[in-house]
Amino acid sequence: METKSVKYIIIGAGLSGLATAYELFRAGETDFLVLESRNRIGGRIMTFESIDFGATWFQNHHGQVIRLLRELQLDKFHQYAQGKSVLVYSSMAPEHYFESDPNVPTAYRIKGGSDAMIQALARHFPQKIQLGMAVTGIIERENSLAIETNSGTYFAEKVICTIPPKIALRVRCTPELPEALKQVMDKTHTWMSNAIKVGLTFESPFWRVKKLSGTIIGQVGAVTELYDHTTKDETYFALMGFVNEGLRDCSTEERKKRILEYLSKYLGPEIMHFKTYEEKDWSQDEHTSCETIKSVYMSPAYGNPVFEKMYFGNKLLFSGAETSPVHGGYMDGAIYSASRAAKKVLD
């Protein structure tokens, strides 16, 4: 079992954790480690077969994302929205077709997928990231914190925990965290924890040929949202969206059947000629969700003031998208929290 001492430990290699490490690195700090329990980096950013199964979009007011992409020299592009979109608002009425105002800019996506930002951050300090490293305990010592993991104990002067607050409660802390803090952590909804995403790739964008945008807004039925997910360079043609959570109780085969039937009805039988079909149910991801999963249909409250404080004698800080008072839960909030966390520990 390994024992190692560093100045800073960052728990979690999602966007917030890696952006925090990036801020430390830019400030000239190299004495840090990023511990990640998964066998991959990115957290709730996950791009597979060109499809973003986690965080995907951002808009003009998300200045932190735009700034970071500029620094990392990554390109952004607008979400495709040309042609007719479909609104399914009742099982008793026909679908409604509408077209987006071309003068209103759509949301942005990242060229190469959202994972391009993750990989660009990690390239600055690949040797500082340790995968498969599940943190099980945090113990306060006089001048440091002991971080217990499945592979040994680490010691750090300061620790930034960037995993979702509700998930962070699984880490045993000695002494106990303040009860008020634990109650807030337990009630803080984990973004994406209840989402099911589906992605399909095709030889060609048949929906564009039919003058359809690929967008479906489903207030009833198997799919609640669907969008064109073709890559910027148009080397992958895809559709991606959110599945009705009511299908979680179906078998994988039955859910797929109902999704394909639904999409065929509104986009055409060409749906059945997909190249690849993939689903990601985040409620089944132990690093993101938990048994007490709860669907949230209104914007949850993020950025509670308890996350502005440091604990264990100014040695432990909770950070991450859900802790951000600015655009909490979004990629922008994750990056904002990273800048704030780095500044706090460096100061």
# chains A, B, ... in the order shown; residues from 1 in each chain; ligands from 1
call {"tool": "residues_around", "arguments": {"residues": "Glu148 in chain A", "least_positions_apart": "4", "cutoff": "7 Å", "atoms": "only C-alpha atoms", "output": "PyMOL selection string"}}
result
chain A and resi 135-138+152-154
call {"tool": "closest_residue", "arguments": {"among": "A:Ala21, A:Cys290, A:Val220, A:Leu200", "to": "Tyr262 in chain A", "atoms": "only C-alpha atoms"}}
result
A:Val220
call {"tool": "residues_around", "arguments": {"residues": "range 335-339 of chain A", "least_positions_apart": "2", "cutoff": "10 Å", "atoms": "only C-alpha atoms", "output": "PDB file with N, CA, C and O atoms, in the first residue's frame"}}
result
ATOM      1  N   LEU A  15     -14.587  17.719 -14.893  1.00  0.00           N
ATOM      2  CA  LEU A  15     -14.233  19.044 -15.399  1.00  0.00           C
ATOM      3  C   LEU A  15     -13.747  19.955 -14.283  1.00  0.00           C
ATOM      4  O   LEU A  15     -12.725  20.631 -14.422  1.00  0.00           O
ATOM      5  N   SER A  16     -14.442  19.972 -13.146  1.00  0.00           N
ATOM      6  CA  SER A  16     -14.047  20.855 -12.060  1.00  0.00           C
ATOM      7  C   SER A  16     -12.685  20.467 -11.493  1.00  0.00           C
ATOM      8  O   SER A  16     -11.839  21.325 -11.256  1.00  0.00           O
ATOM      9  N   GLY A  17     -12.462  19.173 -11.287  1.00  0.00           N
ATOM     10  CA  GLY A  17     -11.190  18.729 -10.732  1.00  0.00           C
ATOM     11  C   GLY A  17     -10.025  19.038 -11.644  1.00  0.00           C
ATOM     12  O   GLY A  17      -8.978  19.540 -11.205  1.00  0.00           O
ATOM     13  N   LEU A  18     -10.191  18.764 -12.937  1.00  0.00           N
ATOM     14  CA  LEU A  18      -9.108  19.017 -13.890  1.00  0.00           C
ATOM     15  C   LEU A  18      -8.897  20.507 -14.110  1.00  0.00           C
ATOM     16  O   LEU A  18      -7.760  20.959 -14.280  1.00  0.00           O
ATOM     17  N   ALA A  19      -9.993  21.283 -14.109  1.00  0.00           N
ATOM     18  CA  ALA A  19      -9.844  22.736 -14.249  1.00  0.00           C
ATOM     19  C   ALA A  19      -9.156  23.334 -13.029  1.00  0.00           C
ATOM     20  O   ALA A  19      -8.384  24.293 -13.142  1.00  0.00           O
ATOM     21  N   THR A  20      -9.401  22.761 -11.852  1.00  0.00           N
ATOM     22  CA  THR A  20      -8.702  23.212 -10.641  1.00  0.00           C
ATOM     23  C   THR A  20      -7.212  22.919 -10.753  1.00  0.00           C
ATOM     24  O   THR A  20      -6.363  23.771 -10.457  1.00  0.00           O
ATOM     25  N   ALA A  21      -6.884  21.702 -11.185  1.00  0.00           N
ATOM     26  CA  ALA A  21      -5.478  21.342 -11.370  1.00  0.00           C
ATOM     27  C   ALA A  21      -4.819  22.247 -12.407  1.00  0.00           C
ATOM     28  O   ALA A  21      -3.658  22.649 -12.256  1.00  0.00           O
ATOM     29  N   TYR A  22      -5.553  22.577 -13.446  1.00  0.00           N
ATOM     30  CA  TYR A  22      -5.045  23.470 -14.498  1.00  0.00           C
ATOM     31  C   TYR A  22      -4.725  24.853 -13.932  1.00  0.00           C
ATOM     32  O   TYR A  22      -3.689  25.454 -14.259  1.00  0.00           O
ATOM     33  N   GLU A  23      -5.608  25.359 -13.049  1.00  0.00           N
ATOM     34  CA  GLU A  23      -5.365  26.668 -12.438  1.00  0.00           C
ATOM     35  C   GLU A  23      -4.127  26.623 -11.533  1.00  0.00           C
ATOM     36  O   GLU A  23      -3.330  27.568 -11.505  1.00  0.00           O
ATOM     37  N   LEU A  24      -3.957  25.541 -10.788  1.00  0.00           N
ATOM     38  CA  LEU A  24      -2.757  25.396  -9.960  1.00  0.00           C
ATOM     39  C   LEU A  24      -1.511  25.343 -10.841  1.00  0.00           C
ATOM     40  O   LEU A  24      -0.491  25.983 -10.560  1.00  0.00           O
ATOM     41  N   HIS A  62     -22.251  31.848 -20.867  1.00  0.00           N
ATOM     42  CA  HIS A  62     -21.361  30.955 -20.126  1.00  0.00           C
ATOM     43  C   HIS A  62     -19.909  31.347 -20.415  1.00  0.00           C
ATOM     44  O   HIS A  62     -19.163  30.659 -21.107  1.00  0.00           O
ATOM     45  N   GLY A  63     -19.527  32.471 -19.828  1.00  0.00           N
ATOM     46  CA  GLY A  63     -18.222  33.053 -20.108  1.00  0.00           C
ATOM     47  C   GLY A  63     -17.041  32.225 -19.660  1.00  0.00           C
ATOM     48  O   GLY A  63     -15.959  32.292 -20.260  1.00  0.00           O
ATOM     49  N   GLN A  64     -17.202  31.439 -18.603  1.00  0.00           N
ATOM     50  CA  GLN A  64     -16.086  30.621 -18.119  1.00  0.00           C
ATOM     51  C   GLN A  64     -15.727  29.535 -19.130  1.00  0.00           C
ATOM     52  O   GLN A  64     -14.546  29.262 -19.369  1.00  0.00           O
ATOM     53  N   VAL A  65     -16.730  28.903 -19.730  1.00  0.00           N
ATOM     54  CA  VAL A  65     -16.467  27.879 -20.745  1.00  0.00           C
ATOM     55  C   VAL A  65     -15.781  28.512 -21.957  1.00  0.00           C
ATOM     56  O   VAL A  65     -14.785  27.991 -22.468  1.00  0.00           O
ATOM     57  N   ARG A  67     -14.039  31.255 -22.146  1.00  0.00           N
ATOM     58  CA  ARG A  67     -12.663  31.639 -21.804  1.00  0.00           C
ATOM     59  C   ARG A  67     -11.734  30.440 -21.826  1.00  0.00           C
ATOM     60  O   ARG A  67     -10.634  30.493 -22.404  1.00  0.00           O
ATOM     61  N   LEU A  68     -12.159  29.346 -21.201  1.00  0.00           N
ATOM     62  CA  LEU A  68     -11.298  28.166 -21.110  1.00  0.00           C
ATOM     63  C   LEU A  68     -11.050  27.554 -22.486  1.00  0.00           C
ATOM     64  O   LEU A  68      -9.914  27.156 -22.799  1.00  0.00           O
ATOM     65  N   ILE A 160      -9.032  19.500  -2.050  1.00  0.00           N
ATOM     66  CA  ILE A 160     -10.211  20.035  -2.725  1.00  0.00           C
ATOM     67  C   ILE A 160     -11.028  18.852  -3.226  1.00  0.00           C
ATOM     68  O   ILE A 160     -10.569  18.092  -4.083  1.00  0.00           O
ATOM     69  N   THR A 162     -13.960  17.602  -5.355  1.00  0.00           N
ATOM     70  CA  THR A 162     -14.788  18.115  -6.442  1.00  0.00           C
ATOM     71  C   THR A 162     -15.889  17.156  -6.867  1.00  0.00           C
ATOM     72  O   THR A 162     -16.610  17.422  -7.829  1.00  0.00           O
ATOM     73  N   GLY A 303     -24.999  26.137  -5.252  1.00  0.00           N
ATOM     74  CA  GLY A 303     -24.187  27.232  -4.740  1.00  0.00           C
ATOM     75  C   GLY A 303     -24.526  27.650  -3.326  1.00  0.00           C
ATOM     76  O   GLY A 303     -24.456  28.831  -2.988  1.00  0.00           O
ATOM     77  N   PHE A 307     -20.639  26.002   1.036  1.00  0.00           N
ATOM     78  CA  PHE A 307     -19.519  25.550   0.213  1.00  0.00           C
ATOM     79  C   PHE A 307     -18.467  26.644   0.005  1.00  0.00           C
ATOM     80  O   PHE A 307     -17.440  26.396  -0.622  1.00  0.00           O
ATOM     81  N   GLU A 308     -18.733  27.832   0.511  1.00  0.00           N
ATOM     82  CA  GLU A 308     -17.735  28.894   0.424  1.00  0.00           C
ATOM     83  C   GLU A 308     -16.683  28.760   1.523  1.00  0.00           C
ATOM     84  O   GLU A 308     -15.606  29.349   1.436  1.00  0.00           O
ATOM     85  N   PHE A 318     -14.892  21.940  -0.334  1.00  0.00           N
ATOM     86  CA  PHE A 318     -15.781  21.233  -1.253  1.00  0.00           C
ATOM     87  C   PHE A 318     -16.054  22.140  -2.448  1.00  0.00           C
ATOM     88  O   PHE A 318     -16.437  23.301  -2.304  1.00  0.00           O
ATOM     89  N   SER A 319     -15.835  21.603  -3.640  1.00  0.00           N
ATOM     90  CA  SER A 319     -15.972  22.371  -4.863  1.00  0.00           C
ATOM     91  C   SER A 319     -16.743  21.535  -5.880  1.00  0.00           C
ATOM     92  O   SER A 319     -17.262  20.478  -5.568  1.00  0.00           O
ATOM     93  N   GLY A 320     -16.848  22.033  -7.123  1.00  0.00           N
ATOM     94  CA  GLY A 320     -17.575  21.304  -8.150  1.00  0.00           C
ATOM     95  C   GLY A 320     -18.789  22.061  -8.643  1.00  0.00           C
ATOM     96  O   GLY A 320     -19.192  23.073  -8.077  1.00  0.00           O
ATOM     97  N   ALA A 321     -19.396  21.550  -9.717  1.00  0.00           N
ATOM     98  CA  ALA A 321     -20.505  22.240 -10.384  1.00  0.00           C
ATOM     99  C   ALA A 321     -21.653  22.567  -9.443  1.00  0.00           C
ATOM    100  O   ALA A 321     -22.246  23.643  -9.523  1.00  0.00           O
ATOM    101  N   GLU A 322     -21.967  21.648  -8.531  1.00  0.00           N
ATOM    102  CA  GLU A 322     -23.115  21.861  -7.642  1.00  0.00           C
ATOM    103  C   GLU A 322     -22.834  22.877  -6.547  1.00  0.00           C
ATOM    104  O   GLU A 322     -23.769  23.355  -5.900  1.00  0.00           O
ATOM    105  N   THR A 323     -21.598  23.208  -6.323  1.00  0.00           N
ATOM    106  CA  THR A 323     -21.250  24.170  -5.270  1.00  0.00           C
ATOM    107  C   THR A 323     -21.182  25.595  -5.790  1.00  0.00           C
ATOM    108  O   THR A 323     -21.055  26.538  -5.011  1.00  0.00           O
ATOM    109  N   SER A 324     -21.261  25.764  -7.096  1.00  0.00           N
ATOM    110  CA  SER A 324     -21.040  27.077  -7.695  1.00  0.00           C
ATOM    111  C   SER A 324     -22.274  27.967  -7.594  1.00  0.00           C
ATOM    112  O   SER A 324     -23.375  27.551  -8.000  1.00  0.00           O
ATOM    113  N   PRO A 325     -22.111  29.212  -7.109  1.00  0.00           N
ATOM    114  CA  PRO A 325     -23.223  30.157  -7.082  1.00  0.00           C
ATOM    115  C   PRO A 325     -23.485  30.770  -8.457  1.00  0.00           C
ATOM    116  O   PRO A 325     -24.476  31.470  -8.648  1.00  0.00           O
ATOM    117  N   VAL A 326     -22.600  30.507  -9.399  1.00  0.00           N
ATOM    118  CA  VAL A 326     -22.734  31.026 -10.762  1.00  0.00           C
ATOM    119  C   VAL A 326     -22.940  29.850 -11.702  1.00  0.00           C
ATOM    120  O   VAL A 326     -22.077  28.981 -11.824  1.00  0.00           O
ATOM    121  N   HIS A 327     -24.110  29.783 -12.334  1.00  0.00           N
ATOM    122  CA  HIS A 327     -24.429  28.722 -13.282  1.00  0.00           C
ATOM    123  C   HIS A 327     -24.169  27.331 -12.686  1.00  0.00           C
ATOM    124  O   HIS A 327     -23.554  26.464 -13.318  1.00  0.00           O
ATOM    125  N   GLY A 328     -24.626  27.141 -11.460  1.00  0.00           N
ATOM    126  CA  GLY A 328     -24.454  25.856 -10.786  1.00  0.00           C
ATOM    127  C   GLY A 328     -25.064  24.705 -11.567  1.00  0.00           C
ATOM    128  O   GLY A 328     -26.153  24.823 -12.131  1.00  0.00           O
ATOM    129  N   TYR A 330     -23.985  23.501 -14.344  1.00  0.00           N
ATOM    130  CA  TYR A 330     -23.528  23.555 -15.732  1.00  0.00           C
ATOM    131  C   TYR A 330     -22.001  23.431 -15.802  1.00  0.00           C
ATOM    132  O   TYR A 330     -21.310  23.566 -14.797  1.00  0.00           O
ATOM    133  N   MET A 331     -21.493  23.214 -17.019  1.00  0.00           N
ATOM    134  CA  MET A 331     -20.043  23.213 -17.204  1.00  0.00           C
ATOM    135  C   MET A 331     -19.452  24.534 -16.748  1.00  0.00           C
ATOM    136  O   MET A 331     -18.367  24.568 -16.162  1.00  0.00           O
ATOM    137  N   ASP A 332     -20.176  25.628 -17.010  1.00  0.00           N
ATOM    138  CA  ASP A 332     -19.689  26.936 -16.609  1.00  0.00           C
ATOM    139  C   ASP A 332     -19.526  27.019 -15.093  1.00  0.00           C
ATOM    140  O   ASP A 332     -18.553  27.581 -14.592  1.00  0.00           O
ATOM    141  N   GLY A 333     -20.471  26.433 -14.357  1.00  0.00           N
ATOM    142  CA  GLY A 333     -20.379  26.415 -12.904  1.00  0.00           C
ATOM    143  C   GLY A 333     -19.215  25.580 -12.416  1.00  0.00           C
ATOM    144  O   GLY A 333     -18.549  25.928 -11.431  1.00  0.00           O
ATOM    145  N   ALA A 341     -11.840  27.707  -6.207  1.00  0.00           N
ATOM    146  CA  ALA A 341     -11.135  26.771  -5.316  1.00  0.00           C
ATOM    147  C   ALA A 341      -9.633  26.968  -5.377  1.00  0.00           C
ATOM    148  O   ALA A 341      -8.951  27.008  -4.346  1.00  0.00           O
ATOM    149  N   ALA A 342      -9.090  27.094  -6.585  1.00  0.00           N
ATOM    150  CA  ALA A 342      -7.650  27.287  -6.729  1.00  0.00           C
ATOM    151  C   ALA A 342      -7.204  28.567  -6.024  1.00  0.00           C
ATOM    152  O   ALA A 342      -6.162  28.601  -5.345  1.00  0.00           O
ATOM    153  N   LYS A 343      -7.975  29.614  -6.205  1.00  0.00           N
ATOM    154  CA  LYS A 343      -7.635  30.889  -5.582  1.00  0.00           C
ATOM    155  C   LYS A 343      -7.644  30.769  -4.041  1.00  0.00           C
ATOM    156  O   LYS A 343      -6.748  31.271  -3.357  1.00  0.00           O
ATOM    157  N   LYS A 344      -8.640  30.077  -3.504  1.00  0.00           N
ATOM    158  CA  LYS A 344      -8.742  29.930  -2.045  1.00  0.00           C
ATOM    159  C   LYS A 344      -7.537  29.191  -1.473  1.00  0.00           C
ATOM    160  O   LYS A 344      -6.955  29.623  -0.483  1.00  0.00           O
TER     161      LYS A 344
END
call {"tool": "closest_residue", "arguments": {"among": "A:Arg38, A:Arg172, A:His189, A:Lys211", "to": "Leu131 in chain A", "atoms": "only C-alpha atoms"}}
result
A:Arg38
call {"tool": "select_by_dssp", "arguments": {"residues": "range 155-339 of chain A", "states": "strand (DSSP E or B)", "output": "ChimeraX atom specification"}}
result
/A:155-161,172-174,196-202,212-218,223-228,237-243,276-281,310-311,316-318
call {"tool": "residues_around", "arguments": {"residues": "Phe237 in chain A", "least_positions_apart": "3", "cutoff": "8 Å", "atoms": "only C-alpha atoms", "output": "list of chain:residue names"}}
result
A:Thr201, A:Phe202, A:Glu203, A:Ser204, A:Pro205, A:His229, A:Thr230, A:Thr231, A:Glu234
call {"tool": "write_last_selection", "arguments": {"atoms": "C-alpha atoms", "output": "compact mmCIF listing (two decimals), in the first residue's frame"}}
result
# COMPACT_ATOMS: atom_id res chain seq x y z
CA THR A 201 -25.04 7.32 -35.66
CA PHE A 202 -25.90 7.08 -39.38
CA GLU A 203 -24.20 6.88 -42.76
CA SER A 204 -25.82 10.19 -43.72
CA PRO A 205 -28.07 12.83 -42.08
CA HIS A 229 -25.51 15.63 -33.07
CA THR A 230 -23.46 15.66 -36.26
CA THR A 231 -19.81 16.58 -35.72
CA GLU A 234 -19.46 16.24 -40.66
call {"tool": "residues_around", "arguments": {"residues": "Asn314 in chain A", "least_positions_apart": "6", "cutoff": "10 Å", "atoms": "only C-alpha atoms", "output": "PDB file with all heavy atoms, in the first residue's frame"}}
result
ATOM      1  N   GLU A 157      -1.440  18.997   2.491  1.00  0.00           N
ATOM      2  CA  GLU A 157      -1.677  20.191   3.305  1.00  0.00           C
ATOM      3  C   GLU A 157      -3.100  20.699   3.107  1.00  0.00           C
ATOM      4  O   GLU A 157      -3.744  21.171   4.049  1.00  0.00           O
ATOM      5  CB  GLU A 157      -0.674  21.285   2.935  1.00  0.00           C
ATOM      6  CG  GLU A 157       0.769  20.948   3.284  1.00  0.00           C
ATOM      7  CD  GLU A 157       1.721  22.054   2.839  1.00  0.00           C
ATOM      8  OE1 GLU A 157       1.259  23.210   2.655  1.00  0.00           O
ATOM      9  OE2 GLU A 157       2.925  21.763   2.662  1.00  0.00           O
ATOM     10  N   LYS A 158      -3.573  20.610   1.847  1.00  0.00           N
ATOM     11  CA  LYS A 158      -4.933  21.036   1.546  1.00  0.00           C
ATOM     12  C   LYS A 158      -5.559  20.079   0.536  1.00  0.00           C
ATOM     13  O   LYS A 158      -4.879  19.563  -0.354  1.00  0.00           O
ATOM     14  CB  LYS A 158      -4.949  22.473   1.012  1.00  0.00           C
ATOM     15  CG  LYS A 158      -4.511  23.492   2.060  1.00  0.00           C
ATOM     16  CD  LYS A 158      -4.666  24.919   1.574  1.00  0.00           C
ATOM     17  CE  LYS A 158      -4.233  25.886   2.677  1.00  0.00           C
ATOM     18  NZ  LYS A 158      -4.387  27.307   2.288  1.00  0.00           N
ATOM     19  N   VAL A 159      -6.889  19.891   0.690  1.00  0.00           N
ATOM     20  CA  VAL A 159      -7.626  18.954  -0.166  1.00  0.00           C
ATOM     21  C   VAL A 159      -8.841  19.671  -0.753  1.00  0.00           C
ATOM     22  O   VAL A 159      -9.572  20.365  -0.032  1.00  0.00           O
ATOM     23  CB  VAL A 159      -8.084  17.716   0.621  1.00  0.00           C
ATOM     24  CG1 VAL A 159      -8.998  16.837  -0.229  1.00  0.00           C
ATOM     25  CG2 VAL A 159      -6.877  16.925   1.109  1.00  0.00           C
ATOM     26  N   LYS A 344      -8.640  30.077  -3.504  1.00  0.00           N
ATOM     27  CA  LYS A 344      -8.742  29.930  -2.045  1.00  0.00           C
ATOM     28  C   LYS A 344      -7.537  29.191  -1.473  1.00  0.00           C
ATOM     29  O   LYS A 344      -6.955  29.623  -0.483  1.00  0.00           O
ATOM     30  CB  LYS A 344     -10.034  29.175  -1.685  1.00  0.00           C
ATOM     31  CG  LYS A 344     -11.279  30.038  -1.598  1.00  0.00           C
ATOM     32  CD  LYS A 344     -12.475  29.184  -1.188  1.00  0.00           C
ATOM     33  CE  LYS A 344     -13.745  30.017  -1.075  1.00  0.00           C
ATOM     34  NZ  LYS A 344     -13.742  30.876   0.118  1.00  0.00           N
ATOM     35  N   VAL A 345      -7.175  28.077  -2.087  1.00  0.00           N
ATOM     36  CA  VAL A 345      -6.076  27.293  -1.496  1.00  0.00           C
ATOM     37  C   VAL A 345      -4.724  27.956  -1.735  1.00  0.00           C
ATOM     38  O   VAL A 345      -3.810  27.835  -0.924  1.00  0.00           O
ATOM     39  CB  VAL A 345      -6.081  25.828  -2.026  1.00  0.00           C
ATOM     40  CG1 VAL A 345      -7.361  25.122  -1.622  1.00  0.00           C
ATOM     41  CG2 VAL A 345      -5.841  25.760  -3.514  1.00  0.00           C
TER      42      VAL A 345
END
call {"tool": "residues_around", "arguments": {"residues": "range 40-49 of chain A", "least_positions_apart": "4", "cutoff": "8 Å", "atoms": "only C-alpha atoms", "output": "mmCIF file with C-alpha atoms, in the first residue's frame"}}
result
data_model
loop_
_atom_site.group_PDB
_atom_site.id
_atom_site.type_symbol
_atom_site.label_atom_id
_atom_site.label_comp_id
_atom_site.auth_asym_id
_atom_site.auth_seq_id
_atom_site.Cartn_x
_atom_site.Cartn_y
_atom_site.Cartn_z
ATOM 1 C CA GLY A 12 -12.180 13.846 -8.755
ATOM 2 C CA ALA A 13 -10.939 14.159 -12.364
ATOM 3 C CA GLY A 14 -14.112 15.588 -13.843
ATOM 4 C CA LEU A 15 -14.233 19.044 -15.399
ATOM 5 C CA GLU A 36 -10.101 9.657 -9.603
ATOM 6 C CA PHE A 53 -23.532 11.268 -23.259
ATOM 7 C CA GLY A 54 -22.897 13.814 -20.513
ATOM 8 C CA ALA A 55 -22.439 17.597 -20.541
ATOM 9 C CA THR A 56 -22.926 18.900 -24.073
ATOM 10 C CA GLY A 113 -17.002 16.635 -28.356
ATOM 11 C CA SER A 114 -16.998 17.868 -24.779
ATOM 12 C CA ASP A 115 -14.257 15.349 -24.009
ATOM 13 C CA ILE A 118 -11.122 17.244 -20.743
ATOM 14 C CA LEU A 131 -7.172 6.518 -11.901
ATOM 15 C CA MET A 192 -27.317 14.168 -14.535
ATOM 16 C CA THR A 288 -22.769 9.768 -10.118
#
call {"tool": "closest_residue", "arguments": {"among": "A:Met272, A:Leu35, A:Leu346, A:Leu121", "to": "Asn150 in chain A", "atoms": "only C-alpha atoms"}}
result
A:Leu35
call {"tool": "closest_residue", "arguments": {"among": "A:Gln130, A:Ser264, A:Ser144, A:Ser193", "to": "Val223 in chain A", "atoms": "only C-alpha atoms"}}
result
A:Ser264
call {"tool": "residues_around", "arguments": {"residues": "Tyr108 in chain A", "least_positions_apart": "3", "cutoff": "10 Å", "atoms": "only C-alpha atoms", "output": "count of residues only"}}
result
14
call {"tool": "closest_residue", "arguments": {"among": "A:Val171, A:Glu261, A:Ser91, A:Ile196", "to": "Trp282 in chain A", "atoms": "only C-alpha atoms"}}
result
A:Ile196
call {"tool": "atom_distance", "arguments": {"atom1": "CA of Asp281 in chain A", "atom2": "CA of Glu253 in chain A"}}
result
14.2 Å
call {"tool": "closest_residue", "arguments": {"among": "A:His124, A:Arg141, A:His287, A:Arg26", "to": "Arg170 in chain A", "atoms": "only C-alpha atoms"}}
result
A:His287
call {"tool": "select_by_dssp", "arguments": {"residues": "range 249-307 of chain A", "states": "alpha helix (DSSP H)", "output": "ChimeraX atom specification"}}
result
/A:252-267
call {"tool": "atom_distance", "arguments": {"atom1": "CA of Leu239 in chain A", "atom2": "CA of Ile51 in chain A"}}
result
8.4 Å
call {"tool": "decode", "arguments": {"residues": "range 11-40 of chain A", "atoms": "C-alpha atoms", "output": "short mmCIF file (atom, residue, chain, number, x, y, z; two decimals), in the first residue's frame"}}
result
data_model
loop_
_atom_site.label_atom_id
_atom_site.label_comp_id
_atom_site.auth_asym_id
_atom_site.auth_seq_id
_atom_site.Cartn_x
_atom_site.Cartn_y
_atom_site.Cartn_z
CA ILE A 11 -10.49 14.46 -5.42
CA GLY A 12 -12.18 13.85 -8.75
CA ALA A 13 -10.94 14.16 -12.36
CA GLY A 14 -14.11 15.59 -13.84
CA LEU A 15 -14.23 19.04 -15.40
CA SER A 16 -14.05 20.86 -12.06
CA GLY A 17 -11.19 18.73 -10.73
CA LEU A 18 -9.11 19.02 -13.89
CA ALA A 19 -9.84 22.74 -14.25
CA THR A 20 -8.70 23.21 -10.64
CA ALA A 21 -5.48 21.34 -11.37
CA TYR A 22 -5.05 23.47 -14.50
CA GLU A 23 -5.36 26.67 -12.44
CA LEU A 24 -2.76 25.40 -9.96
CA PHE A 25 -0.48 24.39 -12.83
CA ARG A 26 -0.83 27.82 -14.47
CA ALA A 27 0.08 29.43 -11.16
CA GLY A 28 3.36 27.48 -11.20
CA GLU A 29 2.27 24.86 -8.65
CA THR A 30 3.37 21.32 -9.42
CA ASP A 31 3.10 19.63 -6.03
CA PHE A 32 -0.39 18.18 -6.45
CA LEU A 33 -2.24 14.98 -7.30
CA VAL A 34 -5.67 14.31 -8.80
CA LEU A 35 -7.31 11.14 -7.48
CA GLU A 36 -10.10 9.66 -9.60
CA SER A 37 -12.18 6.61 -8.67
CA ARG A 38 -13.22 5.84 -12.26
CA ASN A 39 -10.94 4.18 -14.79
CA ARG A 40 -11.26 7.25 -17.03
#
